[in-house]
Amino acid sequence: MYKNFLKIITFLCILVSPFLYTSAYAKTKVGFVYLTTPGDHGWTYAHELGKQMVKKEFGNDVEISIVENVPEGPDATRVIRELAKQGNQIIFTTSFGYMEPTLKVAKEFPNVKFEHMTGYKRTKNVATGNIRFYEGRYVQGVVAGLMTKTNKIGYIGAYPISEVIMGINAFAQGLRSVNKKATISVIWANTWYDPVKEADAAKVHIAEGADILAQHTDSPAMLQIAEKNGALGFGQSTDMGAFAPKAQLFASVNNWGPYYIKKIKQLKDGKWNTGDGPDHWAGNTWGGLSTNMLTLSNFSNMPTDVAKKAQAAHDGIKSGKLKIFAGPLKTNDGKEIIGAGKTLDDGALWGMNYYLEGVTGKVPK
Amino acid sequence: MENLLITILLTSIPILLAGLGELVTEKSGVLNLGVEGMMLCGAVAALGSVLIFGNPYIGILFGAVAGILISTVFSFFTITLMTNQVATGLGLTIFATALTGLIGEPFVGKTAASLPKLEIIFLSDIPYLGKILFSNDILVYFAIFLIFFIHFGFQNTKIGIIIRAVGDNHDSAHSIGYSVKLVRWISTSFGGMCAGMGGAYIPLALTPHWSEGMTAGKGWIALALVVFASWMPIRLLIGALIFGGITILQFVAQARGWDVPSQFLNMLPYLATILALALISFKLKQNNYAPTCLGKHFLGNK
């Protein structure tokens, strides 16, 4: 009797298992790798918001796994491999430093799709996505040029890489489009996220006479210091107005959600690919204001005529009429980059290792 | 210029406080390498308590208590169980880094109230000096008070002399009836309290929120500073200002576009420490600065 019972159960299991298998497969398993805990501001939080949009769009059709606090390097390889082993069909790795780990794991799992954010190396099953952050920085430059009284802008950069340098140069182009007297001085924090260092750099900028601060680092520390000292500044990655209601002019907001949704849809429809755009430097998807991958938070703490000019710059970039890097362009030590009538292409942006006019100092070697 | 000097002073407060505490600990013959970890505990306790109670002064209290609590773990292991001080201190820092990361997780991204500035009447109106010296928050005044308190205490009070005796020759101190272990427990706890307050100062005054490992090596600098100052509180102040000054100088050099690599300036505090160590060991034969029993176990019964 007992033996028969076991047999029946085993038989039933075998009978049912194909159905279990297929019903589980209707759900798309999606993995995310985060650099830090999401918190409520900054880079990883922007990805978290994107993930929430995915959840809202697909509901129970997706099963999402997240791993937080993954350091860039060997640990990342281990985590990404684990996610692939668990049967995730598409894995989003959300920091530049995951580039090599992602490629390594992608080789081992040719049937899993990988999406690496802000990298530039692609293979058959690794796509890349990036945002034209510099477009927001041009608008920041316009506002800074109109709002500054001391004509000194303090800029805090993470690392002197082309991604950050093109942001500084775009800011300078915006600044000089409205104010030729103002200059930008740059402090390198040599970190993406270190509130203490960022605060120190902000304090030094203010002590040196800057009244507008901009950042290409992730914490709200700079804005908080600006708030305390009566200076103004711009938020990074997400709206940071809550940290500095009197100091934030606006924030450039990263909007990853639509991109994630598009790619998961492609996967569900069996149409996932590594991109349809031109195979340029930044990867197959490099979206900006025009595709809503970058948006600006509300303009605040500025007079309406400044806000209008900022809006006009935003609209110009969005429609493609305003070219940020249109010639003639000169470096800050007088070398001509391109003449009038020409515009820098995407490849040239990724090769930037110089400051344009309006920035003081030299790019560290 | 004024603003820069204030920034330098405030930057040096955490290492000054932690350094003063470690100085007292080392004077009693205990080498606690866990300063970095104790500072982190102080920082997370201060921030958490301010978020809960809303009052930055409570943050100082919690920071100090957290520092004392974690230092008693160290005392228990090294003084009572007589484990190796170096290994235990390092272990304490590694443990505290992970522990504070865990405790601090819910505080990520939250902003705490900062310590208010207390202007001292009349004195704060002195041009230049007034704004730099007499218009600060309470921990700045406390740190400066502590320098003179410790200096005076070691020179002129019985307790100070007992601590020095225990640190310089624990067998003699024991033979004339002082409890070596008790003195060391108390001194280590005092060190923990100061390190906790130094750590608390970072979220309470420098940058009002939590991030994992936010002390970023300040505890190690404080340790080096004690040697740099050759165990003298007044020299510790000078050292702390130099270290704070160099930290800020890296940024100033960049903002002004000086053609010096920032990595070089980053290196300077540590270079200064090595030079100081070399100089001191050179002079050690004439002036015995270091407590003779530093890092040695006391094997007596009490």
# chains A, B, ... in the order shown; residues from 1 in each chain; ligands from 1
call {"tool": "closest_atom_pairs", "arguments": {"of": "chain B", "to": "chain A", "cutoff": "10 Å", "atoms": "only C-alpha atoms", "output": "CSV"}}
result
residue,atom,partner,partner_atom,distance
B:Met1,CA,A:Ala207,CA,7.0
B:Glu2,CA,A:Ala207,CA,8.0
B:Asn3,CA,A:Ala207,CA,5.2
B:Leu4,CA,A:Ala207,CA,5.7
B:Leu5,CA,A:Ala207,CA,9.3
B:Ile6,CA,A:Ala207,CA,9.5
B:Thr7,CA,A:Lys203,CA,7.1
B:Ile8,CA,A:Asp200,CA,9.4
B:Thr11,CA,A:Asp200,CA,8.2
B:Glu105,CA,A:Thr37,CA,8.0
B:Pro106,CA,A:Gly39,CA,8.2
B:Phe107,CA,A:Gly39,CA,8.5
B:Val108,CA,A:Gly39,CA,5.6
B:Gly109,CA,A:Gly39,CA,5.5
B:Lys110,CA,A:Asp40,CA,8.2
B:Thr111,CA,A:Phe243,CA,7.2
B:Ile202,CA,A:Val196,CA,7.8
B:Pro203,CA,A:Val196,CA,8.8
B:Leu206,CA,A:Val196,CA,7.0
B:Thr207,CA,A:Val196,CA,5.9
B:Pro208,CA,A:Ala221,CA,7.5
B:His209,CA,A:Pro195,CA,7.8
B:Trp210,CA,A:Pro195,CA,8.2
B:Ser211,CA,A:Pro195,CA,7.2
B:Glu212,CA,A:Asp194,CA,9.1
B:Gly213,CA,A:Asp194,CA,9.3
B:Met214,CA,A:Val196,CA,6.9
B:Thr215,CA,A:Val196,CA,8.1
B:Ala216,CA,A:Val196,CA,8.5
B:Thr247,CA,A:Asp200,CA,8.7
B:Ile248,CA,A:Asp200,CA,7.0
B:Leu249,CA,A:Val204,CA,8.9
B:Gln250,CA,A:Ile187,CA,8.9
B:Phe251,CA,A:Ala201,CA,5.9
B:Val252,CA,A:Val204,CA,6.3
B:Ala253,CA,A:Ile187,CA,8.7
B:Gln254,CA,A:Ile187,CA,5.4
B:Ala255,CA,A:Ser185,CA,5.4
B:Arg256,CA,A:Ser185,CA,7.2
B:Gly257,CA,A:Gly361,CA,4.5
B:Trp258,CA,A:Gly361,CA,7.5
B:Asp259,CA,A:Lys362,CA,8.0
B:Val260,CA,A:Pro364,CA,9.3
B:Pro261,CA,A:Pro364,CA,7.3
B:Ser262,CA,A:Trp188,CA,8.3
B:Gln263,CA,A:Asn190,CA,9.4
call {"tool": "select_by_dssp", "arguments": {"residues": "segment 84-289 of chain B", "states": "alpha helix (DSSP H)", "output": "JSON, numbers by chain"}}
result
{"B": [85, 86, 87, 88, 89, 90, 91, 92, 93, 94, 95, 96, 97, 98, 99, 100, 101, 102, 103, 104, 129, 130, 131, 132, 133, 138, 139, 140, 141, 142, 143, 144, 145, 146, 147, 148, 149, 150, 151, 152, 153, 154, 155, 156, 158, 159, 160, 161, 162, 163, 164, 165, 166, 167, 168, 170, 171, 172, 173, 174, 175, 180, 181, 182, 183, 184, 185, 186, 187, 188, 189, 190, 191, 192, 193, 194, 195, 196, 197, 198, 199, 200, 201, 218, 219, 220, 221, 222, 223, 224, 225, 226, 227, 228, 233, 234, 235, 236, 237, 238, 239, 240, 241, 242, 243, 244, 245, 246, 247, 248, 249, 250, 251, 252, 253, 254, 255, 262, 263, 264, 265, 266, 267, 268, 269, 270, 271, 272, 273, 274, 275, 276, 277, 278, 279, 280, 281, 282, 283]}
call {"tool": "residues_around", "arguments": {"residues": "Pro110 of chain A", "least_positions_apart": "6", "cutoff": "12 Å", "atoms": "only C-alpha atoms", "output": "PDB file with N, CA and C atoms, in the first residue's frame"}}
result
ATOM      1  N   ALA A  84      22.897  34.596 -12.930  1.00  0.00           N
ATOM      2  CA  ALA A  84      22.703  33.855 -14.179  1.00  0.00           C
ATOM      3  C   ALA A  84      22.350  32.395 -13.883  1.00  0.00           C
ATOM      4  N   LYS A  85      23.016  31.816 -12.886  1.00  0.00           N
ATOM      5  CA  LYS A  85      22.755  30.430 -12.490  1.00  0.00           C
ATOM      6  C   LYS A  85      21.336  30.259 -11.991  1.00  0.00           C
ATOM      7  N   GLN A  89      16.772  35.632 -16.909  1.00  0.00           N
ATOM      8  CA  GLN A  89      16.943  35.638 -18.355  1.00  0.00           C
ATOM      9  C   GLN A  89      17.588  36.920 -18.843  1.00  0.00           C
ATOM     10  N   ILE A  90      17.394  37.994 -18.070  1.00  0.00           N
ATOM     11  CA  ILE A  90      18.044  39.247 -18.436  1.00  0.00           C
ATOM     12  C   ILE A  90      18.577  39.890 -17.161  1.00  0.00           C
ATOM     13  N   THR A 102      30.744  41.669 -16.272  1.00  0.00           N
ATOM     14  CA  THR A 102      29.572  41.338 -17.075  1.00  0.00           C
ATOM     15  C   THR A 102      29.982  40.557 -18.324  1.00  0.00           C
ATOM     16  N   LEU A 103      31.032  41.045 -18.992  1.00  0.00           N
ATOM     17  CA  LEU A 103      31.486  40.380 -20.220  1.00  0.00           C
ATOM     18  C   LEU A 103      31.956  38.961 -19.931  1.00  0.00           C
ATOM     19  N   LYS A 104      32.629  38.804 -18.797  1.00  0.00           N
ATOM     20  CA  LYS A 104      33.169  37.501 -18.420  1.00  0.00           C
ATOM     21  C   LYS A 104      32.039  36.491 -18.206  1.00  0.00           C
ATOM     22  N   THR A 123      28.892  42.449 -26.755  1.00  0.00           N
ATOM     23  CA  THR A 123      29.051  41.201 -27.494  1.00  0.00           C
ATOM     24  C   THR A 123      27.650  40.773 -27.917  1.00  0.00           C
ATOM     25  N   LYS A 124      27.534  39.533 -28.397  1.00  0.00           N
ATOM     26  CA  LYS A 124      26.243  39.062 -28.889  1.00  0.00           C
ATOM     27  C   LYS A 124      25.152  39.129 -27.830  1.00  0.00           C
ATOM     28  N   ASN A 125      25.508  38.821 -26.572  1.00  0.00           N
ATOM     29  CA  ASN A 125      24.476  38.848 -25.542  1.00  0.00           C
ATOM     30  C   ASN A 125      24.710  39.920 -24.476  1.00  0.00           C
ATOM     31  N   VAL A 126      25.556  40.907 -24.782  1.00  0.00           N
ATOM     32  CA  VAL A 126      25.724  42.047 -23.878  1.00  0.00           C
ATOM     33  C   VAL A 126      25.371  43.329 -24.625  1.00  0.00           C
TER      34      VAL A 126
END
call {"tool": "residues_around", "arguments": {"residues": "Asn292 of chain A", "least_positions_apart": "5", "cutoff": "9 Å", "atoms": "only C-alpha atoms", "output": "list in words"}}
result
Asn254, Asn255, Pro258, Gly287 and Lys318 of chain A
call {"tool": "atom_distance", "arguments": {"atom1": "atom CA of Lys271 of chain A", "atom2": "atom CA of Ser95 of chain A"}}
result
24.9 Å
call {"tool": "closest_residue", "arguments": {"among": "A:Gly129, A:Arg176, A:Lys29, A:Ala106", "to": "Lys262 of chain A", "atoms": "only C-alpha atoms"}}
result
A:Gly129
call {"tool": "residues_around", "arguments": {"residues": "segment 144-151 of chain A", "least_positions_apart": "4", "cutoff": "10 Å", "atoms": "only C-alpha atoms", "output": "number ranges by chain"}}
result
A: 138-140, 171-172, 174-184, 209-214, 231-234, 249, 301-303, 305-307, 309-310
call {"tool": "residues_around", "arguments": {"residues": "Gly50 of chain A", "least_positions_apart": "6", "cutoff": "10 Å", "atoms": "only C-alpha atoms", "output": "PyMOL selection string"}}
result
chain A and resi 44+56+254-261
call {"tool": "residues_around", "arguments": {"residues": "Gly316 of chain A", "least_positions_apart": "4", "cutoff": "12 Å", "atoms": "only C-alpha atoms", "output": "JSON, numbers by chain"}}
result
{"A": [135, 136, 138, 139, 289, 290, 309, 310, 311, 312, 320, 321, 322, 323, 324]}
call {"tool": "write_last_selection", "arguments": {"atoms": "N, CA and C atoms", "output": "tab-separated table (two decimals), in the first residue's frame"}}
result
chain	number	residue	atom	x	y	z
A	135	GLU	N	23.86	66.80	-21.45
A	135	GLU	CA	22.82	67.72	-21.93
A	135	GLU	C	22.21	68.52	-20.78
A	136	GLY	N	22.00	67.83	-19.65
A	136	GLY	CA	21.48	68.53	-18.47
A	136	GLY	C	22.47	69.54	-17.94
A	138	TYR	N	24.55	71.33	-19.65
A	138	TYR	CA	24.52	72.57	-20.44
A	138	TYR	C	23.47	73.52	-19.85
A	139	VAL	N	22.28	72.98	-19.55
A	139	VAL	CA	21.23	73.81	-18.98
A	139	VAL	C	21.67	74.35	-17.61
A	289	LEU	N	17.78	64.05	-23.40
A	289	LEU	CA	16.52	64.76	-23.18
A	289	LEU	C	15.48	64.36	-24.23
A	290	SER	N	15.95	64.14	-25.48
A	290	SER	CA	14.99	63.89	-26.57
A	290	SER	C	14.26	62.57	-26.39
A	309	LYS	N	14.74	81.07	-19.67
A	309	LYS	CA	15.91	80.83	-20.52
A	309	LYS	C	16.39	79.39	-20.37
A	310	ALA	N	16.30	78.86	-19.13
A	310	ALA	CA	16.69	77.47	-18.91
A	310	ALA	C	15.77	76.54	-19.69
A	311	GLN	N	14.49	76.85	-19.66
A	311	GLN	CA	13.51	76.02	-20.37
A	311	GLN	C	13.79	76.07	-21.88
A	312	ALA	N	14.15	77.29	-22.36
A	312	ALA	CA	14.44	77.44	-23.79
A	312	ALA	C	15.64	76.58	-24.18
A	320	GLY	N	16.76	69.22	-30.80
A	320	GLY	CA	17.92	69.03	-31.66
A	320	GLY	C	18.38	70.30	-32.35
A	321	LYS	N	17.68	71.43	-32.11
A	321	LYS	CA	18.08	72.69	-32.76
A	321	LYS	C	19.34	73.25	-32.13
A	322	LEU	N	19.46	73.08	-30.80
A	322	LEU	CA	20.62	73.62	-30.11
A	322	LEU	C	21.71	72.55	-30.05
A	323	LYS	N	22.84	72.85	-30.70
A	323	LYS	CA	23.97	71.91	-30.66
A	323	LYS	C	24.93	72.39	-29.58
A	324	ILE	N	25.19	71.52	-28.60
A	324	ILE	CA	26.00	71.94	-27.45
A	324	ILE	C	27.45	72.16	-27.85
call {"tool": "select_by_dssp", "arguments": {"residues": "segment 45-150 of chain B", "states": "strand (DSSP E or B)", "output": "PDB file with N, CA and C atoms, in the first residue's frame"}}
result
ATOM      1  N   VAL B 108      20.749  55.590   5.880  1.00  0.00           N
ATOM      2  CA  VAL B 108      21.313  56.071   4.612  1.00  0.00           C
ATOM      3  C   VAL B 108      20.344  57.047   3.959  1.00  0.00           C
ATOM      4  N   LEU B 118      27.693  78.401  18.704  1.00  0.00           N
ATOM      5  CA  LEU B 118      27.508  79.184  19.919  1.00  0.00           C
ATOM      6  C   LEU B 118      28.502  80.333  19.879  1.00  0.00           C
ATOM      7  N   GLU B 119      27.982  81.558  19.745  1.00  0.00           N
ATOM      8  CA  GLU B 119      28.899  82.689  19.705  1.00  0.00           C
ATOM      9  C   GLU B 119      29.131  83.174  21.125  1.00  0.00           C
ATOM     10  N   SER B 135      33.277  81.480  17.539  1.00  0.00           N
ATOM     11  CA  SER B 135      31.936  81.361  16.984  1.00  0.00           C
ATOM     12  C   SER B 135      31.760  79.952  16.430  1.00  0.00           C
ATOM     13  N   ASN B 136      31.948  78.968  17.312  1.00  0.00           N
ATOM     14  CA  ASN B 136      31.903  77.571  16.880  1.00  0.00           C
ATOM     15  C   ASN B 136      30.902  76.770  17.693  1.00  0.00           C
TER      16      ASN B 136
END
call {"tool": "atom_distance", "arguments": {"atom1": "atom CA of Thr93 of chain A", "atom2": "atom CA of Gly31 of chain A"}}
result
8.3 Å
call {"tool": "atom_distance", "arguments": {"atom1": "atom CA of Val180 of chain B", "atom2": "atom CA of Ala195 of chain B"}}
result
22.4 Å
call {"tool": "decode", "arguments": {"residues": "segment 203-305 of chain A", "atoms": "C-alpha atoms", "output": "short mmCIF file (atom, residue, chain, number, x, y, z; two decimals), in the first residue's frame"}}
result
data_model
loop_
_atom_site.label_atom_id
_atom_site.label_comp_id
_atom_site.auth_asym_id
_atom_site.auth_seq_id
_atom_site.Cartn_x
_atom_site.Cartn_y
_atom_site.Cartn_z
CA LYS A 203 33.35 74.23 1.64
CA VAL A 204 36.63 75.06 -0.09
CA HIS A 205 34.79 76.21 -3.24
CA ILE A 206 32.62 78.54 -1.17
CA ALA A 207 35.59 79.82 0.83
CA GLU A 208 37.31 80.56 -2.48
CA GLY A 209 34.40 82.74 -3.54
CA ALA A 210 32.17 80.44 -5.61
CA ASP A 211 28.44 81.10 -5.20
CA ILE A 212 27.13 78.37 -7.52
CA LEU A 213 28.16 74.73 -7.08
CA ALA A 214 27.81 71.83 -9.49
CA GLN A 215 28.68 68.19 -8.93
CA HIS A 216 29.47 65.00 -10.76
CA THR A 217 29.52 62.91 -7.58
CA ASP A 218 26.57 61.18 -5.98
CA SER A 219 25.85 62.39 -2.47
CA PRO A 220 23.68 65.36 -1.51
CA ALA A 221 26.47 66.65 0.78
CA MET A 222 27.44 69.45 -1.63
CA LEU A 223 23.89 70.82 -1.73
CA GLN A 224 23.60 70.61 2.04
CA ILE A 225 26.78 72.65 2.45
CA ALA A 226 25.48 75.15 -0.12
CA GLU A 227 22.22 75.40 1.82
CA LYS A 228 24.09 76.11 5.07
CA ASN A 229 26.28 78.79 3.48
CA GLY A 230 23.76 80.60 1.31
CA ALA A 231 25.12 79.28 -1.99
CA LEU A 232 23.16 77.58 -4.81
CA GLY A 233 23.69 74.34 -6.67
CA PHE A 234 22.38 71.49 -8.82
CA GLY A 235 21.25 68.02 -7.81
CA GLN A 236 22.62 64.82 -9.28
CA SER A 237 20.82 61.72 -10.64
CA THR A 238 17.59 62.29 -8.70
CA ASP A 239 15.73 65.35 -7.38
CA MET A 240 17.63 66.37 -4.24
CA GLY A 241 15.37 69.30 -3.37
CA ALA A 242 14.39 67.66 -0.08
CA PHE A 243 18.00 67.91 1.13
CA ALA A 244 18.40 71.56 0.19
CA PRO A 245 15.06 73.29 -0.44
CA LYS A 246 16.66 76.74 -0.57
CA ALA A 247 19.78 75.79 -2.51
CA GLN A 248 18.77 73.41 -5.31
CA LEU A 249 18.17 75.24 -8.59
CA PHE A 250 17.19 72.01 -10.32
CA ALA A 251 18.49 68.47 -10.69
CA SER A 252 19.33 66.39 -13.75
CA VAL A 253 17.25 63.26 -13.26
CA ASN A 254 18.22 59.89 -14.72
CA ASN A 255 15.21 58.03 -16.05
CA TRP A 256 16.16 54.40 -16.67
CA GLY A 257 12.66 52.90 -16.43
CA PRO A 258 11.52 53.26 -20.06
CA TYR A 259 14.78 51.73 -21.29
CA TYR A 260 14.43 48.73 -18.97
CA ILE A 261 10.82 48.22 -20.00
CA LYS A 262 11.70 48.41 -23.68
CA LYS A 263 14.44 45.82 -23.35
CA ILE A 264 12.34 43.39 -21.27
CA LYS A 265 9.52 43.70 -23.80
CA GLN A 266 11.96 42.89 -26.58
CA LEU A 267 13.07 39.81 -24.65
CA LYS A 268 9.49 38.64 -24.07
CA ASP A 269 8.74 39.05 -27.77
CA GLY A 270 11.93 37.23 -28.72
CA LYS A 271 13.24 40.39 -30.37
CA TRP A 272 15.97 41.32 -27.93
CA ASN A 273 19.06 42.61 -29.68
CA THR A 274 22.09 44.68 -28.88
CA GLY A 275 20.65 47.76 -30.42
CA ASP A 276 19.41 49.32 -33.57
CA GLY A 277 21.23 52.62 -33.39
CA PRO A 278 24.60 53.37 -34.97
CA ASP A 279 27.46 51.53 -33.36
CA HIS A 280 28.97 54.60 -31.76
CA TRP A 281 31.28 55.02 -28.82
CA ALA A 282 28.85 55.22 -25.96
CA GLY A 283 27.04 52.05 -26.87
CA ASN A 284 23.95 51.26 -28.78
CA THR A 285 21.60 53.27 -26.60
CA TRP A 286 22.76 56.72 -25.57
CA GLY A 287 19.59 58.60 -24.79
CA GLY A 288 19.19 62.12 -23.54
CA LEU A 289 16.52 64.76 -23.18
CA SER A 290 14.99 63.89 -26.57
CA THR A 291 14.21 60.30 -25.53
CA ASN A 292 13.32 61.22 -21.93
CA MET A 293 16.12 59.11 -20.51
CA LEU A 294 17.29 62.37 -18.99
CA THR A 295 14.79 64.78 -17.48
CA LEU A 296 15.13 67.94 -15.42
CA SER A 297 13.39 68.46 -12.08
CA ASN A 298 11.38 71.64 -11.47
CA PHE A 299 13.27 74.93 -11.67
CA SER A 300 13.32 76.54 -8.24
CA ASN A 301 15.09 79.31 -6.32
CA MET A 302 15.46 81.40 -9.50
CA PRO A 303 13.60 84.33 -11.06
CA THR A 304 11.10 83.48 -13.82
CA ASP A 305 13.16 85.03 -16.62
#
